[in-house]
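Student: Here it is, the structure in full.
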Protein chains: 2
Amino acid sequence: MTNNLDTFFGAMSDPTRRAVIERLVTGPAPVSELHAPHDIALPTFLRHLKVLEDSGLVRSEKKGRVRTVHIEAAPLAVAEDWLQNQRLIWEGRIDRLAALAEQIERTAP
Amino acid sequence: MTNNLDTFFGAMSDPTRRAVIERLVTGPAPVSELHAPHDIALPTFLRHLKVLEDSGLVRSEKKGRVRTVHIEAAPLAVAEDWLQNQRLIWEGRIDRLAALAEQIERTAP
DNA sequence: AAGATTGTTAGTCATATGGCTAAGTAATGT
DNA sequence: ACATTACTTAGCCATATGACTAACAATCTT
């Protein structure tokens, strides 16, 4: 499997798509409503939605002629965890450096 | 300003670049060491580094013939915050739904 | 000084990405 | 039935992205 994070970060690297996510965390919406604030052609917008759906960030169901889109929050959490992890490792390193500095302080005051 | 998150997420959407970040959170390293584990040509790898540097995730200094690269953790934190924010909004919505359900329960038991 | 290391620059190539228009389909409103 | 709404599909275009080789430059090492 080509890492999940690939498609996630790829999906989030576009402002239109991030805006859609920002909208969807407040609740599901039909395609037309999601499209409205964006000044791009509908087909172009639909392909952004497809990217989001392919990345697993979003799902949709069609009822009648309306397709309703909703967010799938899990991938957000996965990415958040990854970032947090990196930060913790990095901070741990800082802590280690601080500890080392302190140790040097004690050894050679 | 074209959102900071654009270049950040774009930078993180590539596995090679994420691997570099994962390595760099444990401490700075010269280009050659960063390149070693990756089975791609050096020039190709250098362009990945440039993407990371352009996105502000990484900086580097050259001393003699060795260029040492180190991470800039702030962008990681910014992205983590953004994701956390989205999650909180989403969870807030869940809470509101739960509250609504509870309210309905009480109204019509 | 000669050779090995460690990048760097330049140029090519294939594919992916983000945008468009035009035309089509399936529901729904009148 | 007909028009309108709400997507869908198909196809085109320009630019960006990720990979390569070849050749160059600047340090060490010996």
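For the structure tokens, the naming scheme is as follows: chains receive sequential letters (A, B, ...) according to their order of presentation, residues are indexed from 1 within each chain, and ligands are indexed from 1 in presentation order.
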Using only C-alpha atoms (C1' of nucleotides), find which residues of chain D lie within 7 Å of chain B and jot them down as a VMD selection string.

Tutor: chain D and resid 19 26 to 27

Student: Using only C-alpha atoms, determine which residues of chain B fall within 7 Å of chain A; present them as a PyMOL selection string.

Tutor: chain B and resi 5-7+9-10+12-15+22+25-26+76+80+83-84+86+89-90+93

Student: Output as a tab-separated table one row per residue of chain C within 7 Å of chain A: the closest atom pair and its distance in Å to one decimal place, counting only C-alpha atoms (C1' of nucleotides), sorted by chain and residue number ascending.

Tutor:
```
residue	atom	partner	partner_atom	distance
C:DG19	C1'	A:Thr44	CA	6.8
C:DA26	C1'	A:Arg65	CA	6.8
C:DA27	C1'	A:Arg65	CA	5.3
```

Student: For N, CA, C and O atoms (P, O5', C5', C4', C3', O3' and C1' of nucleotides), I'd like the residues from the last selection saved as a PDB file, in the first residue's frame.

Tutor:
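selection.pdb, written as the output of this step:
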```pdb
ATOM      1  P    DG C  19      -7.976  24.788  -9.867  1.00  0.00           P
ATOM      2  O5'  DG C  19      -8.614  25.150 -11.279  1.00  0.00           O
ATOM      3  C5'  DG C  19      -8.116  26.239 -12.004  1.00  0.00           C
ATOM      4  C4'  DG C  19      -8.372  26.117 -13.489  1.00  0.00           C
ATOM      5  C3'  DG C  19      -9.830  25.940 -13.927  1.00  0.00           C
ATOM      6  O3'  DG C  19     -10.558  27.145 -13.987  1.00  0.00           O
ATOM      7  C1'  DG C  19      -8.329  24.693 -15.288  1.00  0.00           C
ATOM      8  P    DA C  26     -29.936   8.391 -17.692  1.00  0.00           P
ATOM      9  O5'  DA C  26     -30.429   8.748 -16.228  1.00  0.00           O
ATOM     10  C5'  DA C  26     -29.491   9.223 -15.267  1.00  0.00           C
ATOM     11  C4'  DA C  26     -30.196  10.119 -14.279  1.00  0.00           C
ATOM     12  C3'  DA C  26     -31.663   9.730 -14.038  1.00  0.00           C
ATOM     13  O3'  DA C  26     -31.872   9.886 -12.655  1.00  0.00           O
ATOM     14  C1'  DA C  26     -31.543  11.977 -14.651  1.00  0.00           C
ATOM     15  P    DA C  27     -32.997   8.980 -11.914  1.00  0.00           P
ATOM     16  O5'  DA C  27     -33.798  10.006 -11.029  1.00  0.00           O
ATOM     17  C5'  DA C  27     -34.086  11.200 -11.505  1.00  0.00           C
ATOM     18  C4'  DA C  27     -34.007  12.252 -10.430  1.00  0.00           C
ATOM     19  C3'  DA C  27     -35.356  12.476  -9.781  1.00  0.00           C
ATOM     20  O3'  DA C  27     -35.178  13.054  -8.501  1.00  0.00           O
ATOM     21  C1'  DA C  27     -34.848  14.180 -11.365  1.00  0.00           C
TER      22       DA C  27
END
```

Student: Just how far from atom CA of B:Pro30 is atom C1' of D:DT21, in Å to one decimal?

Tutor: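 Distance reported for this atom pair: 23.8 Å.
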
Student: One decimal, in Å: what's the spacing between atom CA of B:Gly56 and atom CA of B:Pro75?

Tutor: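 If I compute the distance from atom CA of B:Gly56 to atom CA of B:Pro75, I get 7.2 Å.
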
Student: Enumerate, as a PyMOL selection string, the complete set of residues in chain A that a backbone-based DSSP assignment places in helix (DSSP H, G or I).

Tutor: chain A and resi 4-12+15-24+31-35+42-54+74-107

Student: Using DSSP on the backbone coordinates, identify the residues of stretch 18-96 of chain B assigned to strand (DSSP E or B); present them as an NGL selection string.

Tutor: :B and (29-30 or 58-63 or 66-71)

Student: Write a file of the just-selected residues containing N, CA and C atoms, as an mmCIF file, in the first residue's frame.

Tutor:
```cif
data_model
loop_
_atom_site.group_PDB
_atom_site.id
_atom_site.type_symbol
_atom_site.label_atom_id
_atom_site.label_comp_id
_atom_site.auth_asym_id
_atom_site.auth_seq_id
_atom_site.Cartn_x
_atom_site.Cartn_y
_atom_site.Cartn_z
ATOM 1 N N ALA B 29 21.375 16.731 9.700
ATOM 2 C CA ALA B 29 22.201 15.766 8.969
ATOM 3 C C ALA B 29 22.681 16.367 7.660
ATOM 4 N N PRO B 30 23.829 15.938 7.167
ATOM 5 C CA PRO B 30 24.320 16.381 5.872
ATOM 6 C C PRO B 30 23.507 15.756 4.744
ATOM 7 N N VAL B 58 12.478 23.376 6.411
ATOM 8 C CA VAL B 58 13.857 22.937 6.573
ATOM 9 C C VAL B 58 14.797 24.084 6.229
ATOM 10 N N ARG B 59 15.943 24.126 6.882
ATOM 11 C CA ARG B 59 16.988 25.063 6.481
ATOM 12 C C ARG B 59 18.302 24.338 6.372
ATOM 13 N N SER B 60 19.276 24.995 5.757
ATOM 14 C CA SER B 60 20.559 24.330 5.594
ATOM 15 C C SER B 60 21.682 25.349 5.489
ATOM 16 N N GLU B 61 22.846 24.925 5.941
ATOM 17 C CA GLU B 61 24.051 25.757 5.793
ATOM 18 C C GLU B 61 25.159 24.891 5.221
ATOM 19 N N LYS B 62 25.973 25.555 4.409
ATOM 20 C CA LYS B 62 27.076 24.800 3.821
ATOM 21 C C LYS B 62 28.374 25.200 4.499
ATOM 22 N N LYS B 63 29.125 24.215 4.874
ATOM 23 C CA LYS B 63 30.429 24.450 5.498
ATOM 24 C C LYS B 63 31.391 23.512 4.785
ATOM 25 N N VAL B 66 30.307 20.259 2.701
ATOM 26 C CA VAL B 66 29.147 19.590 3.299
ATOM 27 C C VAL B 66 28.028 20.578 3.605
ATOM 28 N N ARG B 67 26.828 20.231 3.145
ATOM 29 C CA ARG B 67 25.657 21.033 3.487
ATOM 30 C C ARG B 67 24.860 20.310 4.565
ATOM 31 N N THR B 68 24.673 20.987 5.672
ATOM 32 C CA THR B 68 23.937 20.371 6.773
ATOM 33 C C THR B 68 22.506 20.905 6.819
ATOM 34 N N VAL B 69 21.591 19.993 6.929
ATOM 35 C CA VAL B 69 20.163 20.333 6.895
ATOM 36 C C VAL B 69 19.541 20.128 8.273
ATOM 37 N N HIS B 70 18.724 21.097 8.668
ATOM 38 C CA HIS B 70 17.999 20.912 9.927
ATOM 39 C C HIS B 70 16.550 21.328 9.766
ATOM 40 N N ILE B 71 15.712 20.764 10.629
ATOM 41 C CA ILE B 71 14.276 21.000 10.528
ATOM 42 C C ILE B 71 13.900 22.334 11.179
#
```

Student: Please identify every residue of chain C that has at least one atom no farther than 8 Å from an atom of stretch 1-14 of chain D, counting only C-alpha atoms (C1' of nucleotides), and for each give the shortest atom pair and the distance in Å to one decimal, arranged by chain then increasing number, as CSV.

Tutor:
```
residue,atom,partner,partner_atom,distance
C:DG24,C1',D:DT9,C1',7.4
C:DT25,C1',D:DT8,C1',7.4
C:DT28,C1',D:DT5,C1',7.6
C:DG29,C1',D:DT4,C1',7.6
```

Student: Using all heavy atoms, can you export the residues from the last selection as a compact mmCIF listing (two decimals), in the first residue's frame?

Tutor:
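Here's the written file again-v5.txt:
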```
# COMPACT_ATOMS: atom_id res chain seq x y z
P DG C 24 -25.06 15.91 -27.01
OP1 DG C 24 -25.01 14.98 -28.14
OP2 DG C 24 -26.01 17.05 -26.98
O5' DG C 24 -25.27 15.03 -25.69
C5' DG C 24 -24.30 14.03 -25.38
C4' DG C 24 -24.55 13.54 -23.97
O4' DG C 24 -24.27 14.62 -23.05
C3' DG C 24 -26.01 13.12 -23.75
O3' DG C 24 -26.06 11.82 -23.22
C2' DG C 24 -26.54 14.16 -22.79
C1' DG C 24 -25.29 14.62 -22.06
N9 DG C 24 -25.39 15.97 -21.52
C8 DG C 24 -25.57 17.15 -22.21
N7 DG C 24 -25.63 18.20 -21.43
C5 DG C 24 -25.48 17.68 -20.14
C6 DG C 24 -25.48 18.34 -18.88
O6 DG C 24 -25.60 19.54 -18.64
N1 DG C 24 -25.29 17.43 -17.84
C2 DG C 24 -25.15 16.07 -17.99
N2 DG C 24 -25.00 15.38 -16.87
N3 DG C 24 -25.16 15.45 -19.16
C4 DG C 24 -25.33 16.31 -20.19
P DT C 25 -27.50 11.09 -23.18
OP1 DT C 25 -27.28 9.72 -23.69
OP2 DT C 25 -28.54 11.97 -23.78
O5' DT C 25 -27.77 11.02 -21.62
C5' DT C 25 -26.76 10.49 -20.76
C4' DT C 25 -27.24 10.62 -19.33
O4' DT C 25 -27.15 12.00 -18.91
C3' DT C 25 -28.69 10.19 -19.13
O3' DT C 25 -28.76 9.47 -17.93
C2' DT C 25 -29.42 11.53 -19.02
C1' DT C 25 -28.38 12.36 -18.31
N1 DT C 25 -28.49 13.84 -18.44
C2 DT C 25 -28.39 14.60 -17.30
O2 DT C 25 -28.24 14.13 -16.20
N3 DT C 25 -28.48 15.95 -17.51
C4 DT C 25 -28.66 16.60 -18.72
O4 DT C 25 -28.72 17.84 -18.77
C5 DT C 25 -28.75 15.76 -19.87
C7 DT C 25 -28.94 16.37 -21.22
C6 DT C 25 -28.66 14.42 -19.69
P DT C 28 -36.48 13.25 -7.54
OP1 DT C 28 -35.96 13.37 -6.16
OP2 DT C 28 -37.50 12.25 -7.89
O5' DT C 28 -37.02 14.68 -7.97
C5' DT C 28 -36.13 15.79 -7.93
C4' DT C 28 -36.80 17.06 -8.41
O4' DT C 28 -36.80 17.13 -9.85
C3' DT C 28 -38.25 17.25 -7.96
O3' DT C 28 -38.33 18.58 -7.48
C2' DT C 28 -39.06 17.02 -9.24
C1' DT C 28 -38.08 17.54 -10.28
N1 DT C 28 -38.19 17.01 -11.68
C2 DT C 28 -38.14 17.93 -12.71
O2 DT C 28 -38.00 19.13 -12.54
N3 DT C 28 -38.22 17.37 -13.97
C4 DT C 28 -38.36 16.05 -14.29
O4 DT C 28 -38.41 15.69 -15.46
C5 DT C 28 -38.42 15.15 -13.17
C7 DT C 28 -38.58 13.67 -13.42
C6 DT C 28 -38.35 15.66 -11.93
P DG C 29 -39.57 19.17 -6.77
OP1 DG C 29 -39.11 19.79 -5.50
OP2 DG C 29 -40.66 18.16 -6.76
O5' DG C 29 -39.98 20.34 -7.76
C5' DG C 29 -39.08 21.42 -8.00
C4' DG C 29 -39.63 22.31 -9.12
O4' DG C 29 -39.71 21.56 -10.35
C3' DG C 29 -41.03 22.86 -8.85
O3' DG C 29 -41.03 24.18 -9.38
C2' DG C 29 -41.93 21.91 -9.65
C1' DG C 29 -41.04 21.60 -10.85
N9 DG C 29 -41.24 20.31 -11.52
C8 DG C 29 -41.31 19.06 -10.96
N7 DG C 29 -41.45 18.09 -11.85
C5 DG C 29 -41.45 18.76 -13.07
C6 DG C 29 -41.55 18.24 -14.39
O6 DG C 29 -41.66 17.06 -14.75
N1 DG C 29 -41.52 19.26 -15.34
C2 DG C 29 -41.40 20.60 -15.05
N2 DG C 29 -41.38 21.43 -16.09
N3 DG C 29 -41.29 21.10 -13.82
C4 DG C 29 -41.32 20.12 -12.88
```

Student: If I take atom CA of B:Val20 and atom C1' of C:DG7, how far is one from the other in Å, to one decimal?

Tutor: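 These atoms are spaced 17.5 Å apart.
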